[in-house]
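The next block is structure_20.cif, given as mmCIF, C-alpha atoms and all ligand atoms.
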```
data_work
#
loop_
_atom_site.group_PDB
_atom_site.id
_atom_site.type_symbol
_atom_site.label_atom_id
_atom_site.label_comp_id
_atom_site.auth_asym_id
_atom_site.auth_seq_id
_atom_site.Cartn_x
_atom_site.Cartn_y
_atom_site.Cartn_z
ATOM 1 C CA MET A 1 0.000 0.000 0.000
ATOM 2 C CA GLN A 2 1.146 3.541 -0.797
ATOM 3 C CA ILE A 3 1.156 5.924 2.178
ATOM 4 C CA VAL A 4 2.255 8.995 0.225
ATOM 5 C CA LYS A 5 1.517 9.595 -3.434
ATOM 6 C CA ALA A 6 2.654 12.692 -5.317
ATOM 7 C CA ASP A 7 1.770 13.318 -8.930
ATOM 8 C CA GLY A 8 2.969 16.463 -10.674
ATOM 9 C CA LEU A 9 3.324 18.102 -7.261
ATOM 10 C CA GLU A 10 4.350 21.760 -7.211
ATOM 11 C CA LYS A 11 4.891 24.457 -4.607
ATOM 12 C CA LYS A 12 5.445 28.117 -5.331
ATOM 13 C CA PHE A 13 6.358 30.918 -2.964
ATOM 14 C CA GLY A 14 5.293 34.048 -4.799
ATOM 15 C CA SER A 15 6.517 33.500 -8.341
ATOM 16 C CA LYS A 16 9.345 31.169 -7.245
ATOM 17 C CA LYS A 17 8.756 27.455 -7.851
ATOM 18 C CA VAL A 18 10.543 25.483 -5.154
ATOM 19 C CA ILE A 19 8.909 22.103 -5.851
ATOM 20 C CA GLU A 20 8.460 21.211 -9.506
ATOM 21 C CA GLN A 21 6.603 18.315 -11.099
ATOM 22 C CA MET A 22 7.361 15.819 -8.348
ATOM 23 C CA SER A 23 5.881 12.358 -8.844
ATOM 24 C CA PHE A 24 6.691 9.499 -6.487
ATOM 25 C CA GLU A 25 5.106 6.993 -4.123
ATOM 26 C CA ILE A 26 6.203 6.007 -0.636
ATOM 27 C CA LYS A 27 5.391 2.443 0.350
ATOM 28 C CA GLU A 28 3.987 1.477 3.710
ATOM 29 C CA GLU A 29 6.494 0.466 6.394
ATOM 30 C CA THR A 30 9.679 1.707 4.802
ATOM 31 C CA ILE A 31 12.348 4.111 5.964
ATOM 32 C CA THR A 32 13.102 6.591 3.178
ATOM 33 C CA GLY A 33 15.876 9.164 3.256
ATOM 34 C CA ILE A 34 14.944 12.540 1.772
ATOM 35 C CA ILE A 35 18.314 13.664 0.511
ATOM 36 C CA GLY A 36 19.371 16.870 -1.221
ATOM 37 C CA ARG A 37 21.580 19.925 -0.940
ATOM 38 C CA ASN A 38 20.646 23.028 1.068
ATOM 39 C CA GLY A 39 17.589 24.653 -0.457
ATOM 40 C CA ALA A 40 16.689 21.588 -2.572
ATOM 41 C CA GLY A 41 13.136 21.563 -1.169
ATOM 42 C CA LYS A 42 13.226 18.828 1.502
ATOM 43 C CA THR A 43 11.497 20.816 4.243
ATOM 44 C CA THR A 44 8.930 22.218 1.830
ATOM 45 C CA LEU A 45 8.057 18.717 0.653
ATOM 46 C CA LEU A 46 7.851 17.313 4.195
ATOM 47 C CA LYS A 47 5.670 20.208 5.354
ATOM 48 C CA MET A 48 3.236 19.583 2.495
ATOM 49 C CA ILE A 49 3.141 15.877 3.373
ATOM 50 C CA ALA A 50 2.534 16.814 7.027
ATOM 51 C CA GLY A 51 -0.422 18.915 5.882
ATOM 52 C CA PHE A 52 1.040 22.252 7.072
ATOM 53 C CA TRP A 53 1.324 23.746 3.594
ATOM 54 C CA ARG A 54 -1.039 23.459 0.663
ATOM 55 C CA PRO A 55 0.502 22.442 -2.701
ATOM 56 C CA SER A 56 0.309 25.047 -5.480
ATOM 57 C CA ALA A 57 -0.467 22.424 -8.158
ATOM 58 C CA GLY A 58 -0.529 18.686 -8.775
ATOM 59 C CA GLU A 59 -1.790 15.942 -6.516
ATOM 60 C CA LEU A 60 -0.580 14.954 -3.067
ATOM 61 C CA LEU A 61 -2.287 12.143 -1.192
ATOM 62 C CA VAL A 62 -1.389 10.915 2.282
ATOM 63 C CA PHE A 63 -3.392 7.891 3.414
ATOM 64 C CA ASN A 64 -5.402 8.508 0.235
ATOM 65 C CA GLU A 65 -6.461 11.991 1.386
ATOM 66 C CA GLU A 66 -5.188 15.472 0.672
ATOM 67 C CA PRO A 67 -3.225 16.157 3.856
ATOM 68 C CA PHE A 68 -3.775 19.930 4.050
ATOM 69 C CA ASP A 69 -6.250 20.619 6.870
ATOM 70 C CA SER A 70 -7.067 16.903 7.130
ATOM 71 C CA LEU A 71 -7.787 15.673 10.660
ATOM 72 C CA MET A 72 -7.205 12.077 9.612
ATOM 73 C CA ALA A 73 -3.762 12.915 8.201
ATOM 74 C CA SER A 74 -2.755 14.989 11.216
ATOM 75 C CA ALA A 75 -3.787 12.275 13.705
ATOM 76 C CA ASN A 76 -1.730 9.700 11.790
ATOM 77 C CA THR A 77 1.286 11.863 10.967
ATOM 78 C CA ILE A 78 3.937 13.451 13.124
ATOM 79 C CA TYR A 79 6.450 16.011 11.856
ATOM 80 C CA ILE A 80 9.569 16.549 13.923
ATOM 81 C CA ASP A 81 12.137 19.299 13.313
ATOM 82 C CA ASP A 82 14.182 21.640 15.477
ATOM 83 C CA GLN A 83 11.558 24.403 15.333
ATOM 84 C CA LEU A 84 8.866 22.622 17.350
ATOM 85 C CA TYR A 85 7.254 25.038 19.750
ATOM 86 C CA TYR A 86 5.489 24.218 22.998
ATOM 87 C CA PRO A 87 3.789 26.682 25.367
ATOM 88 C CA ASP A 88 6.157 28.056 28.031
ATOM 89 C CA THR A 89 3.589 27.226 30.693
ATOM 90 C CA LEU A 90 4.102 23.472 30.218
ATOM 91 C CA ASN A 91 7.049 21.587 31.647
ATOM 92 C CA LEU A 92 8.614 18.647 29.776
ATOM 93 C CA LYS A 93 6.551 15.992 31.531
ATOM 94 C CA GLN A 94 3.338 17.904 30.783
ATOM 95 C CA ILE A 95 4.365 18.141 27.107
ATOM 96 C CA LEU A 96 4.707 14.354 26.987
ATOM 97 C CA GLN A 97 1.298 13.965 28.648
ATOM 98 C CA GLN A 98 -0.280 16.349 26.166
ATOM 99 C CA ASN A 99 1.166 14.416 23.231
ATOM 100 C CA ALA A 100 -0.084 11.178 24.799
ATOM 101 C CA GLN A 101 -3.625 12.525 24.549
ATOM 102 C CA PHE A 102 -3.293 13.417 20.882
ATOM 103 C CA TYR A 103 -1.525 10.416 19.354
ATOM 104 C CA PRO A 104 -3.509 7.160 19.526
ATOM 105 C CA ASN A 105 -0.414 4.893 19.449
ATOM 106 C CA TRP A 106 1.559 6.924 22.009
ATOM 107 C CA ASN A 107 3.721 4.743 24.244
ATOM 108 C CA MET A 108 4.406 6.452 27.575
ATOM 109 C CA ASP A 109 6.681 3.667 28.763
ATOM 110 C CA LEU A 110 9.024 4.250 25.798
ATOM 111 C CA ALA A 111 8.822 8.030 26.311
ATOM 112 C CA ASP A 112 9.660 7.686 30.024
ATOM 113 C CA ARG A 113 12.556 5.335 29.435
ATOM 114 C CA LEU A 114 14.124 7.626 26.805
ATOM 115 C CA PHE A 115 13.367 10.701 28.942
ATOM 116 C CA ASN A 116 15.284 9.206 31.890
ATOM 117 C CA TYR A 117 18.093 7.760 29.741
ATOM 118 C CA PHE A 118 18.835 11.171 28.201
ATOM 119 C CA GLY A 119 18.783 12.830 31.637
ATOM 120 C CA PHE A 120 15.753 15.128 31.316
ATOM 121 C CA GLU A 121 13.958 16.440 34.400
ATOM 122 C CA ALA A 122 10.208 16.680 34.664
ATOM 123 C CA ASN A 123 10.056 20.382 35.535
ATOM 124 C CA GLN A 124 12.433 21.608 32.801
ATOM 125 C CA ARG A 125 10.965 23.931 30.150
ATOM 126 C CA HIS A 126 11.321 23.255 26.430
ATOM 127 C CA TYR A 127 12.535 26.776 25.599
ATOM 128 C CA GLN A 128 15.331 26.496 28.201
ATOM 129 C CA LEU A 129 16.879 23.393 26.629
ATOM 130 C CA SER A 130 20.115 23.611 24.648
ATOM 131 C CA LYS A 131 19.847 23.045 20.877
ATOM 132 C CA GLY A 132 21.006 19.421 21.066
ATOM 133 C CA LYS A 133 18.833 18.652 24.094
ATOM 134 C CA ARG A 134 15.805 20.186 22.374
ATOM 135 C CA SER A 135 16.360 17.948 19.334
ATOM 136 C CA THR A 136 16.744 14.961 21.655
ATOM 137 C CA PHE A 137 13.484 15.758 23.441
ATOM 138 C CA ASN A 138 11.682 16.280 20.111
ATOM 139 C CA MET A 139 13.035 12.955 18.894
ATOM 140 C CA ILE A 140 11.540 11.244 21.975
ATOM 141 C CA ILE A 141 8.155 12.642 20.966
ATOM 142 C CA GLY A 142 8.651 11.464 17.368
ATOM 143 C CA LEU A 143 9.448 7.937 18.491
ATOM 144 C CA ALA A 144 6.939 7.566 21.344
ATOM 145 C CA ALA A 145 4.073 8.788 19.127
ATOM 146 C CA ARG A 146 4.539 5.677 16.956
ATOM 147 C CA CYS A 147 2.621 7.442 14.212
ATOM 148 C CA PRO A 148 1.895 5.425 11.062
ATOM 149 C CA LEU A 149 3.645 8.238 9.154
ATOM 150 C CA THR A 150 6.635 9.733 10.961
ATOM 151 C CA LEU A 151 8.484 12.655 9.360
ATOM 152 C CA PHE A 152 11.880 13.590 10.777
ATOM 153 C CA ASP A 153 13.295 16.777 9.241
ATOM 154 C CA GLU A 154 16.973 17.062 10.185
ATOM 155 C CA PRO A 155 16.155 15.534 13.574
ATOM 156 C CA THR A 156 19.745 15.432 14.841
ATOM 157 C CA THR A 157 20.465 19.183 14.619
ATOM 158 C CA GLY A 158 22.801 20.053 17.481
ATOM 159 C CA MET A 159 23.050 16.511 18.851
ATOM 160 C CA ASP A 160 26.559 15.299 19.596
ATOM 161 C CA GLU A 161 27.797 12.148 17.903
ATOM 162 C CA ALA A 162 27.022 9.832 20.826
ATOM 163 C CA VAL A 163 23.428 11.061 21.033
ATOM 164 C CA ARG A 164 22.998 10.778 17.266
ATOM 165 C CA LYS A 165 24.135 7.157 17.433
ATOM 166 C CA ASP A 166 21.700 6.491 20.292
ATOM 167 C CA PHE A 167 18.915 8.082 18.267
ATOM 168 C CA TYR A 168 19.618 5.958 15.170
ATOM 169 C CA GLN A 169 19.694 2.829 17.315
ATOM 170 C CA ALA A 170 16.479 3.731 19.116
ATOM 171 C CA LEU A 171 14.784 4.527 15.809
ATOM 172 C CA LEU A 172 15.790 1.232 14.223
ATOM 173 C CA HIS A 173 14.955 -0.784 17.327
ATOM 174 C CA ASP A 174 11.502 0.735 17.665
ATOM 175 C CA TYR A 175 10.843 0.538 13.913
ATOM 176 C CA ILE A 176 11.579 -3.194 13.914
ATOM 177 C CA ALA A 177 9.256 -3.714 16.881
ATOM 178 C CA PHE A 178 6.552 -1.347 15.544
ATOM 179 C CA PRO A 179 6.994 -0.901 11.784
ATOM 180 C CA ARG A 180 5.694 2.364 10.357
ATOM 181 C CA THR A 181 6.446 4.629 7.402
ATOM 182 C CA ILE A 182 9.330 6.946 8.171
ATOM 183 C CA LEU A 183 10.692 9.808 6.068
ATOM 184 C CA LEU A 184 14.005 11.109 7.317
ATOM 185 C CA SER A 185 15.764 14.152 5.901
ATOM 186 C CA SER A 186 19.381 14.550 6.858
ATOM 187 C CA HIS A 187 22.650 15.924 5.588
ATOM 188 C CA LEU A 188 24.489 13.109 7.334
ATOM 189 C CA LEU A 189 23.794 10.441 4.735
ATOM 190 C CA GLN A 190 26.796 8.401 5.798
ATOM 191 C CA GLU A 191 25.364 8.126 9.305
ATOM 192 C CA ILE A 192 21.792 7.329 8.337
ATOM 193 C CA GLU A 193 22.574 5.002 5.438
ATOM 194 C CA PRO A 194 22.380 1.816 7.549
ATOM 195 C CA LEU A 195 18.808 2.782 8.536
ATOM 196 C CA LEU A 196 17.524 3.491 5.056
ATOM 197 C CA GLU A 197 15.699 1.206 2.678
ATOM 198 C CA GLU A 198 14.948 3.838 0.032
ATOM 199 C CA VAL A 199 16.390 7.189 -1.015
ATOM 200 C CA LEU A 200 14.411 10.043 -2.548
ATOM 201 C CA LEU A 201 17.099 12.278 -4.009
ATOM 202 C CA ILE A 202 16.013 15.855 -4.659
ATOM 203 C CA LYS A 203 17.741 18.526 -6.690
ATOM 204 C CA ASP A 204 16.390 22.028 -7.283
ATOM 205 C CA GLY A 205 12.867 21.004 -6.269
ATOM 206 C CA LYS A 206 12.756 17.965 -8.563
ATOM 207 C CA VAL A 207 13.083 14.252 -7.876
ATOM 208 C CA LEU A 208 16.399 13.147 -9.304
ATOM 209 C CA MET A 209 16.047 9.539 -8.200
ATOM 210 C CA HIS A 210 13.873 7.339 -6.066
ATOM 211 C CA GLU A 211 15.577 3.995 -5.589
ATOM 212 C CA SER A 212 16.314 1.376 -2.999
ATOM 213 C CA VAL A 213 19.626 1.721 -1.203
ATOM 214 C CA ASP A 214 20.707 -1.633 -2.676
ATOM 215 C CA THR A 215 20.119 -0.376 -6.228
ATOM 216 C CA LEU A 216 22.032 2.835 -5.539
ATOM 217 C CA LYS A 217 24.996 0.943 -4.119
ATOM 218 C CA ASP A 218 25.478 -0.700 -7.530
ATOM 219 C CA TYR A 219 24.433 2.325 -9.556
ATOM 220 C CA ALA A 220 27.926 3.607 -10.323
ATOM 221 C CA PHE A 221 31.592 2.863 -9.877
ATOM 222 C CA GLY A 222 34.850 4.736 -10.156
ATOM 223 C CA LEU A 223 37.547 4.264 -12.772
ATOM 224 C CA HIS A 224 41.036 5.331 -11.774
ATOM 225 C CA GLY A 225 43.985 5.371 -14.159
ATOM 226 C CA ASP A 226 45.303 6.618 -17.477
ATOM 227 C CA ARG A 227 43.296 9.532 -18.868
ATOM 228 C CA ASP A 228 43.312 8.451 -22.540
ATOM 229 C CA THR A 229 42.368 4.843 -21.785
ATOM 230 C CA ILE A 230 39.509 5.903 -19.497
ATOM 231 C CA THR A 231 38.315 8.581 -21.930
ATOM 232 C CA SER A 232 37.998 6.053 -24.735
ATOM 233 C CA TRP A 233 36.214 3.582 -22.439
ATOM 234 C CA CYS A 234 33.739 6.229 -21.352
ATOM 235 C CA ALA A 235 32.963 7.664 -24.798
ATOM 236 C CA ASN A 236 29.410 6.276 -24.802
ATOM 237 C CA LYS A 237 28.899 6.030 -21.063
ATOM 238 C CA SER A 238 27.051 8.242 -18.659
ATOM 239 C CA ILE A 239 29.674 10.124 -16.663
ATOM 240 C CA ILE A 240 28.573 11.319 -13.229
ATOM 241 C CA TYR A 241 31.784 12.906 -11.997
ATOM 242 C CA GLN A 242 35.362 13.325 -13.110
ATOM 243 C CA LYS A 243 38.537 14.740 -11.666
ATOM 244 C CA ALA A 244 42.066 14.841 -13.078
ATOM 245 C CA TYR A 245 44.659 13.963 -10.436
ATOM 246 C CA SER A 246 47.742 14.434 -12.645
ATOM 247 C CA SER A 247 48.498 15.363 -16.254
ATOM 248 C CA GLU A 248 47.883 11.749 -17.338
ATOM 249 C CA GLY A 249 45.713 10.397 -14.555
ATOM 250 C CA ILE A 250 41.995 10.749 -14.094
ATOM 251 C CA TYR A 251 39.249 9.522 -11.764
ATOM 252 C CA VAL A 252 35.837 9.099 -13.396
ATOM 253 C CA VAL A 253 32.591 7.987 -11.783
ATOM 254 C CA VAL A 254 30.415 6.355 -14.387
ATOM 255 C CA GLN A 255 26.975 4.747 -14.422
ATOM 256 C CA ASN A 256 27.254 0.995 -14.078
ATOM 257 C CA ASP A 257 26.036 -0.525 -17.334
ATOM 258 C CA PHE A 258 29.242 -2.434 -18.029
ATOM 259 C CA THR A 259 29.192 -6.134 -18.871
ATOM 260 C CA GLU A 260 31.345 -8.703 -17.048
ATOM 261 C CA ARG A 261 33.515 -8.871 -20.138
ATOM 262 C CA GLU A 262 34.023 -5.101 -20.157
ATOM 263 C CA PHE A 263 34.978 -5.193 -16.465
ATOM 264 C CA ALA A 264 37.619 -7.822 -17.201
ATOM 265 C CA GLN A 265 38.929 -5.806 -20.166
ATOM 266 C CA LEU A 266 39.099 -2.604 -18.086
ATOM 267 C CA GLN A 267 41.243 -4.354 -15.514
ATOM 268 C CA ALA A 268 43.410 -5.851 -18.254
ATOM 269 C CA ASP A 269 43.907 -2.259 -19.512
ATOM 270 C CA GLY A 270 45.324 -1.325 -16.089
ATOM 271 C CA ILE A 271 42.284 0.642 -14.875
ATOM 272 C CA LYS A 272 41.452 0.400 -11.177
ATOM 273 C CA LEU A 273 37.742 -0.148 -10.434
ATOM 274 C CA LEU A 274 36.579 1.470 -7.201
ATOM 275 C CA PRO A 275 33.252 1.337 -5.377
ATOM 276 C CA VAL A 276 31.416 4.653 -4.906
ATOM 277 C CA SER A 277 29.785 5.238 -1.528
ATOM 278 C CA LEU A 278 26.133 6.251 -1.423
ATOM 279 C CA ASN A 279 27.153 9.529 0.165
ATOM 280 C CA ASP A 280 29.621 10.369 -2.622
ATOM 281 C CA LEU A 281 27.163 9.275 -5.305
ATOM 282 C CA CYS A 282 24.488 11.628 -3.955
ATOM 283 C CA ILE A 283 26.997 14.477 -3.734
ATOM 284 C CA TYR A 284 28.135 13.934 -7.337
ATOM 285 C CA LEU A 285 24.562 13.623 -8.642
ATOM 286 C CA THR A 286 23.461 16.823 -6.950
ATOM 287 C CA ASN A 287 26.614 18.809 -7.776
ATOM 288 C CA PRO A 288 25.881 22.271 -9.099
ATOM 289 C CA LYS A 289 27.349 22.777 -12.570
ATOM 290 C CA ASN A 290 29.474 25.757 -11.569
ATOM 291 C CA GLY A 291 32.587 23.869 -10.461
ATOM 292 C CA GLY A 292 33.862 23.335 -6.934
ATOM 293 C CA ILE A 293 34.999 25.631 -4.128
ATOM 294 C CA VAL A 294 38.617 25.320 -5.341
ATOM 295 C CA ASP A 295 37.599 26.884 -8.670
ATOM 296 C CA VAL A 296 36.174 29.846 -6.760
ATOM 297 C CA LEU A 297 39.267 30.283 -4.608
ATOM 298 C CA SER A 298 41.925 29.804 -7.275
HETATM 299 N N1 LIG B 1 8.201 30.420 3.442
HETATM 300 C C1 LIG B 1 8.985 30.567 2.381
HETATM 301 N N2 LIG B 1 8.884 31.645 1.574
HETATM 302 C C2 LIG B 1 9.678 31.789 0.490
HETATM 303 N N3 LIG B 1 10.585 30.875 0.100
HETATM 304 C C3 LIG B 1 10.728 29.792 0.855
HETATM 305 C C4 LIG B 1 9.947 29.567 2.032
HETATM 306 N N4 LIG B 1 10.312 28.386 2.573
HETATM 307 C C5 LIG B 1 11.284 27.891 1.773
HETATM 308 N N5 LIG B 1 11.535 28.740 0.751
HETATM 309 C C6 LIG B 1 12.501 28.528 -0.348
HETATM 310 O O1 LIG B 1 12.256 27.244 -0.880
HETATM 311 C C7 LIG B 1 13.466 26.631 -1.263
HETATM 312 C C8 LIG B 1 13.516 25.248 -0.628
HETATM 313 O O2 LIG B 1 13.656 25.422 0.787
HETATM 314 P P1 LIG B 1 13.623 24.210 1.787
HETATM 315 O O3 LIG B 1 13.698 24.758 3.168
HETATM 316 O O4 LIG B 1 12.477 23.347 1.453
HETATM 317 O O5 LIG B 1 14.972 23.449 1.392
HETATM 318 P P2 LIG B 1 15.754 22.309 2.170
HETATM 319 O O6 LIG B 1 16.124 21.305 1.144
HETATM 320 O O7 LIG B 1 14.985 21.836 3.348
HETATM 321 O O8 LIG B 1 17.057 23.101 2.623
HETATM 322 P P3 LIG B 1 18.034 22.900 3.901
HETATM 323 O O9 LIG B 1 18.782 21.632 3.654
HETATM 324 O O10 LIG B 1 18.930 24.087 3.796
HETATM 325 O O11 LIG B 1 17.205 22.884 5.128
HETATM 326 C C9 LIG B 1 14.590 27.552 -0.837
HETATM 327 O O12 LIG B 1 15.009 28.273 -1.963
HETATM 328 C C10 LIG B 1 13.928 28.467 0.169
HETATM 329 O O13 LIG B 1 14.529 29.736 0.175
#
```

Could you rewrite the structure in this file as structure tokens?
Amino acid sequence: MQIVKADGLEKKFGSKKVIEQMSFEIKEETITGIIGRNGAGKTTLLKMIAGFWRPSAGELLVFNEEPFDSLMASANTIYIDDQLYYPDTLNLKQILQQNAQFYPNWNMDLADRLFNYFGFEANQRHYQLSKGKRSTFNMIIGLAARCPLTLFDEPTTGMDEAVRKDFYQALLHDYIAFPRTILLSSHLLQEIEPLLEEVLLIKDGKVLMHESVDTLKDYAFGLHGDRDTITSWCANKSIIYQKAYSSEGIYVVVQNDFTEREFAQLQADGIKLLPVSLNDLCIYLTNPKNGGIVDVLS
């Protein structure tokens, strides 16, 4: 079953289109990484899915309903980012209790255990928490709500590495015990990769790719060696990235449509074949076309 379905989805702010012709489907009980550079449109997309913002055009269905202003969607969806606001009059324990009343699957035992593990105190106020502690508290709400659709928008902002690792472990552990549909936007693809089943890669408001992590791992590989040999091998191939490392040497990342025979021939020609990490692949695919920072500085 599809939990989210977008077809020709668009969002404009004034005359500026920030989401353009997005079409994709998110399957039930998957963890999908929403990946893209700064300003790609991740938050805008997640906020439309959460029902906070109305699309400008196209179709967006969440649980088969338009999510904007939908009570059904809001009761079954939770959106967590570092901007969550709670009234100053409530302490942290009261915030948990309030959430417990709203979310039908809320698990107070899980919330309490995480609350104690991360060293929160009942009478602390949300606005007084440090940035990392606020993200940690928000994450507890995102997990304990056990919403059928859970949206985490850069949930680890400000968390130190140890807390981020705890969060990823808690997320995976609770997801295995209580599967739900999770969308997770993060710049730390390397860290979240082990959690992900699918990646929705966004560039300039458009979907560049929507694939399983397994497919993306085999999507491309790197060729390292003599420039002329590699250039002739890549004449009819789809090049994703290239960098010269000497006057005769080059590193090229190329889409993987090589046959076993071609692989053997490449190696016989003295070309090194290197795997490309998911993180690097996404960086190369979303590279702006105006060179790198070194080009600006030199
Ligand atoms: N309320 C708004 N009014 C006008 N433009 C907006 C608004 N919100 C977002 N934008 C623009 O939409 C584009 C996409 O922003 P968005 O926050 O969705 O990107 P993002 O991928 O989440 O970026 P980041 O990784 O930096 O958080 C940006 O160009 C941004 O300036």

I'd like a table as JSON lines: residues in chain A with an atom no more than 12 Å from ligand LIG 1 (chain B), each row giving the shortest atom pair and its distance in Å to one decimal, all atoms listed in the file counted, sorted by chain and rising residue number.
```
{"residue": "A:Glu10", "atom": "CA", "partner": "B:LIG1", "partner_atom": "O1", "distance": 11.5}
{"residue": "A:Lys11", "atom": "CA", "partner": "B:LIG1", "partner_atom": "O1", "distance": 8.7}
{"residue": "A:Lys12", "atom": "CA", "partner": "B:LIG1", "partner_atom": "N3", "distance": 8.0}
{"residue": "A:Phe13", "atom": "CA", "partner": "B:LIG1", "partner_atom": "C2", "distance": 4.9}
{"residue": "A:Gly14", "atom": "CA", "partner": "B:LIG1", "partner_atom": "C2", "distance": 7.2}
{"residue": "A:Ser15", "atom": "CA", "partner": "B:LIG1", "partner_atom": "C2", "distance": 9.5}
{"residue": "A:Lys16", "atom": "CA", "partner": "B:LIG1", "partner_atom": "N3", "distance": 7.5}
{"residue": "A:Lys17", "atom": "CA", "partner": "B:LIG1", "partner_atom": "O1", "distance": 7.8}
{"residue": "A:Val18", "atom": "CA", "partner": "B:LIG1", "partner_atom": "O1", "distance": 4.9}
{"residue": "A:Ile19", "atom": "CA", "partner": "B:LIG1", "partner_atom": "C8", "distance": 7.6}
{"residue": "A:Glu20", "atom": "CA", "partner": "B:LIG1", "partner_atom": "C8", "distance": 11.0}
{"residue": "A:Ile34", "atom": "CA", "partner": "B:LIG1", "partner_atom": "O6", "distance": 8.9}
{"residue": "A:Ile35", "atom": "CA", "partner": "B:LIG1", "partner_atom": "O6", "distance": 8.0}
{"residue": "A:Gly36", "atom": "CA", "partner": "B:LIG1", "partner_atom": "O6", "distance": 6.0}
{"residue": "A:Arg37", "atom": "CA", "partner": "B:LIG1", "partner_atom": "O9", "distance": 5.6}
{"residue": "A:Asn38", "atom": "CA", "partner": "B:LIG1", "partner_atom": "O10", "distance": 3.4}
{"residue": "A:Gly39", "atom": "CA", "partner": "B:LIG1", "partner_atom": "O5", "distance": 3.4}
{"residue": "A:Ala40", "atom": "CA", "partner": "B:LIG1", "partner_atom": "O6", "distance": 3.8}
{"residue": "A:Gly41", "atom": "CA", "partner": "B:LIG1", "partner_atom": "O4", "distance": 3.2}
{"residue": "A:Lys42", "atom": "CA", "partner": "B:LIG1", "partner_atom": "O6", "distance": 3.8}
{"residue": "A:Thr43", "atom": "CA", "partner": "B:LIG1", "partner_atom": "O7", "distance": 3.7}
{"residue": "A:Thr44", "atom": "CA", "partner": "B:LIG1", "partner_atom": "O4", "distance": 3.7}
{"residue": "A:Leu45", "atom": "CA", "partner": "B:LIG1", "partner_atom": "O4", "distance": 6.5}
{"residue": "A:Leu46", "atom": "CA", "partner": "B:LIG1", "partner_atom": "O4", "distance": 8.1}
{"residue": "A:Lys47", "atom": "CA", "partner": "B:LIG1", "partner_atom": "O4", "distance": 8.5}
{"residue": "A:Met48", "atom": "CA", "partner": "B:LIG1", "partner_atom": "O4", "distance": 10.0}
{"residue": "A:Phe52", "atom": "CA", "partner": "B:LIG1", "partner_atom": "N1", "distance": 11.5}
{"residue": "A:Trp53", "atom": "CA", "partner": "B:LIG1", "partner_atom": "N1", "distance": 9.6}
{"residue": "A:Arg54", "atom": "CA", "partner": "B:LIG1", "partner_atom": "N1", "distance": 11.9}
{"residue": "A:Asp81", "atom": "CA", "partner": "B:LIG1", "partner_atom": "O11", "distance": 10.3}
{"residue": "A:Asp82", "atom": "CA", "partner": "B:LIG1", "partner_atom": "O11", "distance": 10.9}
{"residue": "A:Gln83", "atom": "CA", "partner": "B:LIG1", "partner_atom": "O11", "distance": 11.8}
{"residue": "A:Phe152", "atom": "CA", "partner": "B:LIG1", "partner_atom": "O7", "distance": 11.5}
{"residue": "A:Asp153", "atom": "CA", "partner": "B:LIG1", "partner_atom": "O7", "distance": 7.9}
{"residue": "A:Glu154", "atom": "CA", "partner": "B:LIG1", "partner_atom": "O11", "distance": 7.7}
{"residue": "A:Pro155", "atom": "CA", "partner": "B:LIG1", "partner_atom": "O11", "distance": 11.2}
{"residue": "A:Thr157", "atom": "CA", "partner": "B:LIG1", "partner_atom": "O11", "distance": 10.7}
{"residue": "A:Leu184", "atom": "CA", "partner": "B:LIG1", "partner_atom": "O7", "distance": 11.5}
{"residue": "A:Ser185", "atom": "CA", "partner": "B:LIG1", "partner_atom": "O7", "distance": 8.1}
{"residue": "A:Ser186", "atom": "CA", "partner": "B:LIG1", "partner_atom": "O9", "distance": 7.8}
{"residue": "A:His187", "atom": "CA", "partner": "B:LIG1", "partner_atom": "O9", "distance": 7.2}
{"residue": "A:Leu188", "atom": "CA", "partner": "B:LIG1", "partner_atom": "O9", "distance": 10.9}
{"residue": "A:Leu200", "atom": "CA", "partner": "B:LIG1", "partner_atom": "O6", "distance": 12.0}
{"residue": "A:Leu201", "atom": "CA", "partner": "B:LIG1", "partner_atom": "O6", "distance": 10.4}
{"residue": "A:Ile202", "atom": "CA", "partner": "B:LIG1", "partner_atom": "O6", "distance": 8.0}
{"residue": "A:Lys203", "atom": "CA", "partner": "B:LIG1", "partner_atom": "O6", "distance": 8.5}
{"residue": "A:Asp204", "atom": "CA", "partner": "B:LIG1", "partner_atom": "C8", "distance": 7.9}
{"residue": "A:Gly205", "atom": "CA", "partner": "B:LIG1", "partner_atom": "C8", "distance": 7.1}
{"residue": "A:Lys206", "atom": "CA", "partner": "B:LIG1", "partner_atom": "C8", "distance": 10.8}
{"residue": "A:Val207", "atom": "CA", "partner": "B:LIG1", "partner_atom": "O6", "distance": 11.8}
{"residue": "A:Thr286", "atom": "CA", "partner": "B:LIG1", "partner_atom": "O6", "distance": 11.8}
```

Go through the shown structure with the PyMOL selection byres (((chain A and resi 280) around 12) and not hetatm) and write out the matching residues as a ChimeraX atom specification. /A:188-190,193,216-217,219-222,240-241,253,275-279,281-287

Please report the interatomic distance between atom CA of Glu29 of chain A and atom CA of Ile78 of chain A in Å with one decimal. 14.8 Å

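Taking atom CA of Gly119 of chain A and atom CA of Leu171 of chain A as the two end points, the separation is 18.3 Å.
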
Using the chain letters and numbers from the file, give me the residues hit by the PyMOL selection byres (((chain A and resi 131) around 9) and not hetatm), as a list in words. Asp82, Leu129, Ser130, Gly132, Lys133, Arg134, Ser135, Thr136, Thr157, Gly158 and Met159 of chain A

Around segment 238-247 of chain A, fit a box with edges along x, y and z, padding it by 3 Å on each side, then list its centre and edge lengths in Å to one decimal as JSON.
```
{"center_x": 37.8, "center_y": 11.8, "center_z": -14.5, "size_x": 27.4, "size_y": 13.1, "size_z": 14.2}
```

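Here atom CA of Asp174 of chain A stands at a distance of 8.6 Å from atom CA of Arg146 of chain A.
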
Nearest candidate to Pro194 of chain A (options A:Asp69, A:Glu260, A:Asp214, A:Glu121; using only C-alpha atoms): A:Asp214
